[in-house]
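Worksheet: one structure, shown below.
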Amino acid sequence: MCNRHTYAYGHKLYFNSSIKEKSVIQIKKCDTSLPQDYTHKILFETNQDRNIYLLSPQPLEENSKQWAFIVEDCITFLCDIEKKQICYIEAENYSTQLMEYWLIHIALPLFWTLEGSYYFLHTGSVVIDGKAVLFMGDSYAGKSTMTDFFLQQKYLLLSDDKLATFYDEKSKSFKVHASHPYHRPYRAKEDLGRKTDSFQEGSFPIGRLYWLQPVDASQDIAITELKGIKKFERLRYSTEMDISLDAKERFCYITKFANHEPLYEVKVPNDLSKLPKVYDKIIEHIKGENI
């Protein structure tokens with residue numbers, strides 16, 4: 001753990017280091033315990049069969065700069081947004097692997113959500129022609145499977161699970177930050193996945209949004225544009241880090257996002273042997289639309 005670093009959501013993460021840069025988040029082991037005045041609690045749904053929640057010294061609506069993210073019996077993250085610092089406190093079931101999983105999977109997205117920097121979507125994503133192509137859908141819709149197939153075709157990974165989106169005032173457009181260099185084309189608890197060299201750091205304009213809709217194996221592959229309330233519902237469903245204190249701001253963001261970015265539904269037959277044809281259809285659609 002000493003003085004090493006990694007990349008996540010457009011930032012460098014330095015472990016146990018004193019390096020100070022604008023885009024650097026310092027991660028280190030705490031030399032203190034959880035402050036006793038952290039009494040305001042926000043519960044989340046059980047995640048990975050663990051109880052998780054936020055604690056803060058004041059209601060987060062009043063002050064979201066300092067708070068703690070607790071993974072019960074595993075780890076506590078003390079987060080200070082102004083100092084760009086996250087300290088962790090080890091609990092009974094702590095391990096380095098679990099620390100990294102909960103840090104990258106939840107604590108960091110919470111950090112930037114409460115900071116107001118990014119809006120996270122639950123999506124797989126790759127780079128095609130210099131732009132981000134996103135694969136969204138319900139649970140078990142095949143997001144990771146589709147992302148993995150595109151990686152096999154030598155496209156570079158942006159996200160296997162969560163993607164940080166933001167509105168760029170300079171270009172007047174929505175962009176994304178690449179997530180982290182871990183890919184998990186399988187289901188396993190508290191597992192970031194395998195580190196891959198097929199990962200592209202950086203920020204990218206959005207090229208295409210696809211909603212994967214599994215259908216019977218006998219049905220045809222089809223791509224159609226979603227509009228209106230159905231489009232909004234799909235984007236809203238794909239929201240990650242959905243906490244109540246910023247509901248109004250998040251509604252405004254997703255409305256602006258929906259008005260700006262087209263969303264296409266892809267009917268994907270439940271037959272893995274047809275995945276190459278789905279891939280061909282998506283590439284044909286992208287090239288035909290000239291993203």
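Following the order of the structure tokens, chains are lettered A, B, ..., residues in each are numbered from 1, and ligands are numbered from 1.
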Write out as a list of chain:residue names each polymer residue whose atoms come within 10 Å of Arg187 in chain A, counting only C-alpha atoms; drop sequence neighbours fewer than 3 positions from it.
->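 Here the answer would be A:Tyr140, A:Ser144, A:Arg184, A:Glu190, A:Asp191, A:Gly193.
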Within range 5-166 of chain A, find each residue whose DSSP state, derived from the backbone, is strand (DSSP E or B), and express the selection as JSON, numbers by chain.
-> {"A": [5, 6, 7, 8, 11, 12, 13, 14, 15, 24, 25, 26, 27, 28, 29, 40, 41, 42, 43, 47, 50, 52, 53, 54, 55, 56, 66, 67, 68, 69, 70, 71, 75, 76, 77, 78, 79, 80, 85, 86, 87, 88, 89, 90, 119, 120, 121, 122, 124, 125, 126, 127, 128, 131, 132, 133, 134, 135, 136, 137, 156, 157, 158, 159, 162, 163, 164, 165, 166]}
Selection file, C-alpha atoms, as a short mmCIF file (atom, residue, chain, number, x, y, z; two decimals), in the first residue's frame:
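Result file again_18.cif:
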```cif
data_model
loop_
_atom_site.label_atom_id
_atom_site.label_comp_id
_atom_site.auth_asym_id
_atom_site.auth_seq_id
_atom_site.Cartn_x
_atom_site.Cartn_y
_atom_site.Cartn_z
CA HIS A 5 -1.29 5.18 -7.01
CA THR A 6 -4.08 4.24 -9.37
CA TYR A 7 -6.68 6.00 -11.55
CA ALA A 8 -10.41 6.37 -10.95
CA HIS A 11 -8.46 11.47 -10.84
CA LYS A 12 -5.23 9.99 -9.56
CA LEU A 13 -5.54 8.18 -6.24
CA TYR A 14 -2.40 8.22 -4.11
CA PHE A 15 -2.14 5.83 -1.17
CA VAL A 24 -5.17 13.97 -6.76
CA ILE A 25 -7.19 12.31 -3.99
CA GLN A 26 -5.15 11.27 -0.96
CA ILE A 27 -6.03 7.87 0.51
CA LYS A 28 -4.48 6.91 3.83
CA LYS A 29 -5.03 4.89 6.98
CA HIS A 40 -26.61 12.12 11.51
CA LYS A 41 -27.31 8.91 9.63
CA ILE A 42 -28.43 8.04 6.10
CA LEU A 43 -29.11 4.34 5.51
CA ASN A 47 -25.18 -4.02 -0.66
CA ARG A 50 -23.49 -5.86 4.01
CA ILE A 52 -23.83 0.36 4.60
CA TYR A 53 -24.63 3.93 5.64
CA LEU A 54 -23.41 7.52 5.88
CA LEU A 55 -22.69 9.43 9.10
CA SER A 56 -22.02 13.16 9.36
CA GLN A 66 -17.23 16.07 5.84
CA TRP A 67 -18.86 12.69 6.33
CA ALA A 68 -18.14 9.01 6.89
CA PHE A 69 -19.14 6.04 4.75
CA ILE A 70 -19.43 2.87 6.84
CA VAL A 71 -19.37 -0.71 5.60
CA ILE A 75 -14.27 -0.52 6.96
CA THR A 76 -15.09 3.15 7.63
CA PHE A 77 -14.07 5.91 5.21
CA LEU A 78 -13.71 9.40 6.68
CA CYS A 79 -14.09 11.82 3.78
CA ASP A 80 -13.04 15.46 3.65
CA GLN A 85 -8.67 13.36 1.42
CA ILE A 86 -10.14 10.00 2.42
CA CYS A 87 -8.92 8.20 5.55
CA TYR A 88 -9.95 4.66 6.32
CA ILE A 89 -10.47 2.84 9.61
CA GLU A 90 -10.08 -0.91 9.60
CA TYR A 119 -23.62 12.45 -12.12
CA PHE A 120 -23.01 8.70 -12.13
CA LEU A 121 -24.71 6.26 -14.47
CA HIS A 122 -24.79 2.47 -14.13
CA GLY A 124 -20.68 -0.31 -19.40
CA SER A 125 -18.77 1.84 -21.86
CA VAL A 126 -16.07 1.69 -24.53
CA VAL A 127 -14.34 4.22 -26.80
CA ILE A 128 -15.32 4.19 -30.47
CA LYS A 131 -16.24 9.04 -28.26
CA ALA A 132 -17.91 7.16 -25.41
CA VAL A 133 -20.48 4.52 -26.32
CA LEU A 134 -22.61 3.49 -23.32
CA PHE A 135 -24.46 0.21 -22.70
CA MET A 136 -27.26 0.54 -20.13
CA GLY A 137 -30.08 -1.80 -19.11
CA LEU A 156 -10.84 0.28 -25.18
CA LEU A 157 -12.69 0.17 -21.86
CA LEU A 158 -14.12 3.27 -20.18
CA SER A 159 -16.43 1.63 -17.64
CA LYS A 162 -20.23 3.13 -13.09
CA LEU A 163 -19.48 6.09 -15.32
CA ALA A 164 -19.00 9.70 -14.19
CA THR A 165 -20.87 12.13 -16.45
CA PHE A 166 -20.71 15.93 -16.37
#
```
Can you list, as an MDAnalysis selection string, every protein, DNA or RNA residue that comes within 8 Å of Lys267 in chain A when you count only C-alpha atoms, leaving out same-chain residues fewer than 3 positions away?
-> chainID A and resid 212:215 220:223
With only C-alpha atoms as the basis for distance, which of A:Lys227, A:Tyr155, A:Asn93, A:Arg250 is at the shortest distance from Ser117 in chain A?
->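 Closest to Ser117 in chain A, using only C-alpha atoms: A:Arg250.
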Would you list the contacts of Asp129 in chain A as a list in words, taking every protein, DNA or RNA residue within 12 Å and counting only C-alpha atoms, but skipping same-chain residues closer than 6 positions in sequence?
->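 Once the nearby chain positions are removed, what remains is Tyr155, Leu156, Phe204, Pro205, Ile206, Gly207, Arg208, Ile283, Ile286, Lys287, Asn290 and Ile291 of chain A.
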Residues near Leu272 in chain A, cut-off 10 Å, only C-alpha atoms, skip fewer than 5 positions along chain, as number ranges by chain | A: 145, 217, 277-278
Which residue gives the smallest distance to Lys256 in chain A among A:Ala141, A:Phe150, A:Leu34, A:Leu235, with only C-alpha atoms counted?
->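 Distance minimum relative to Lys256 in chain A lands on A:Leu235.
Closest approach to Leu103 in chain A from the set A:Tyr253, A:Phe174, A:Tyr9, A:Phe44 is made by A:Tyr9, with distances taken over only C-alpha atoms.
If only C-alpha atoms are the atoms counted, then among A:His105, A:Arg194, A:His177, A:His285 the closest residue to Leu209 in chain A is A:His285.
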Using backbone DSSP assignments, extract all helix (DSSP H, G or I) residues from range 52-289 of chain A; output them as a ChimeraX atom specification.
-> /A:96-115,143-152,228-237,244-260,272-289
